[in-house]
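J.: Okay, handing you the structure first.
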Amino acid sequence: MIKVLFICHGNICRSPMALYYFRSLLKERGLSGVIQADSAATSTEEIGNPVHHGTRAKLKQAGIPCEGHRAKQMTKADYKSFDYLIGMDSWNIRNMQRIAGGDPDHKIFKLMEFTGSGRDVADPWYTGDFDTTWSDVTEGCAALLDLYIRASLNITLPSLLTAYMVAPVCLYVHGGTSESCLFLCA
């Protein structure tokens with residue numbers, strides 16, 4: 001089982017948004033039993049608090065529940081327990097490395113790195129703009145999952161595109177939906 005920990009400053013806005021969206025992707029693609037995800041904060045400021053109302057509203061719009069979430073802080077033990085620790089911005093990365101005592105196993109990443117961008121996920125705490133954050137999170141999580149699937153199938157994107165152009169045969173279809181087919185075939 002692959003274990004992913006999404007991390008932001010307070011664990012009430014960006015990291016729970018990433019967590020619950022990523023879990024919805026896993027469920028949609030039949031991978032819930034293969035990849036486990038959780039979220040945490042680098043600070044203690046919001047410990048015990050629920051998901052921020054702006055994040056809750058974006059998740060609700062997408063039909064994704066987030067009930068029962070309570071903010072918690074990342075621990076040094078999380079570094080050993082999780083395969084990927086994914087921060088939302090450069091400040092998170094610095095704090096994650098401080099908490100973990102470094103990153104000797106190269107497990108710490110910024111979410112947008114999986115999209116080929118080194119930029120930060122927009123922080124709605126300061127802007128109130130949960131739409132931009134949602135766009136960043138959905139793009140980053142989809143790229144992360146796509147990378148995992150390609151790596152686990154040992155298939156590169158060019159070979160996937162070639163296979164799709166020559167013969168649109170699905171490598172894996174969950175529930176027979178064309179959406180899951182296109183995700184994995186193109």
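Following the order of the structure tokens, chains are lettered A, B, ..., residues in each are numbered from 1, and ligands are numbered from 1.
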Got a sec: who's within 8 Å of region 2-8 of chain A, counting only C-alpha atoms, leaving out chain neighbours fewer than 2 positions off, as a list in words?
T.: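 Within the cut-off, the hits are Gly10, Asn11, Cys13, Arg14, Ser15, Pro16, Ala18, Leu19, Val34, Ile35, Gln36, Ala37, Asp38, Ser39, Ala40, Ala41, Thr42, Met74, Ser81, Phe82, Asp83, Tyr84, Leu85, Ile86, Gly87, Met88, Asp89 and Asn92 of chain A.
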J.: Using only C-alpha atoms, which residue out of A:Gln97, A:Leu147, A:Pro50, A:Ser90 lies closest to Gly116 (chain A)?
T.: A:Leu147
J.: Would you mind telling me which residue in A:Ala71, A:Leu25, A:Val137, A:Ile99 lies nearest to Asn49 (chain A) when using only C-alpha atoms?
T.: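 Under the stated criterion, the closest residue is A:Ala71.
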J.: Step one, run DSSP on the backbone; step two, keep only residues of region 10-155 of chain A assigned to strand (DSSP E); then write them as a PDB file with C-alpha atoms, in the first residue's frame.
T.:
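Once written, out24.pdb looks like this:
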ATOM      1  CA  ILE A  35      -3.165   4.083  -2.140  1.00  0.00           C
ATOM      2  CA  GLN A  36      -3.976   5.496   1.295  1.00  0.00           C
ATOM      3  CA  ALA A  37      -4.052   9.258   1.884  1.00  0.00           C
ATOM      4  CA  ASP A  38      -4.218  11.570   4.891  1.00  0.00           C
ATOM      5  CA  SER A  39      -3.447  15.213   5.671  1.00  0.00           C
ATOM      6  CA  ALA A  40      -1.695  17.255   8.334  1.00  0.00           C
ATOM      7  CA  ALA A  41      -0.425  20.728   9.258  1.00  0.00           C
ATOM      8  CA  TYR A  84       5.081  10.689  -0.151  1.00  0.00           C
ATOM      9  CA  LEU A  85       4.759  13.852   1.939  1.00  0.00           C
ATOM     10  CA  ILE A  86       3.292  16.541  -0.255  1.00  0.00           C
ATOM     11  CA  GLY A  87       3.355  20.193   0.746  1.00  0.00           C
ATOM     12  CA  ILE A 108       8.995  15.442   0.337  1.00  0.00           C
ATOM     13  CA  PHE A 109       7.467  17.165  -2.695  1.00  0.00           C
ATOM     14  CA  LYS A 110       5.461  20.235  -3.546  1.00  0.00           C
TER      15      LYS A 110
END
J.: Need to verify the contact set: Ser117 (chain A), 12 Å, only C-alpha atoms, exclusion of same-chain residues closer than 2 positions in sequence. Can you return it as a ChimeraX atom specification?
T.: /A:89,109-115,119-121,136,139-140,143
J.: Among region 84-116 of chain A, which residues does DSSP mark as helix (DSSP H, G or I) when it is run on the backbone? Keep the chain and numbering as in the structure and answer as number ranges by chain.
T.: A: 90-100, 111-115
J.: If I take CA of His9 (chain A) and CA of Trp125 (chain A), how far is one from the other in Å, to one decimal?
T.: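 CA of Trp125 (chain A) lies at a distance of 9.9 Å from CA of His9 (chain A).
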J.: In terms of the shortest atom-to-atom distance over only C-alpha atoms, which of A:Met17, A:Glu28, A:Gly54, A:Ser43 is closest to Asp129 (chain A)?
T.: A:Gly54
J.: Which residue, A:Ser135, A:Pro124, A:Ser24, A:Phe130, has the smallest gap to Gly63 (chain A) when you use only C-alpha atoms?
T.: A:Ser24
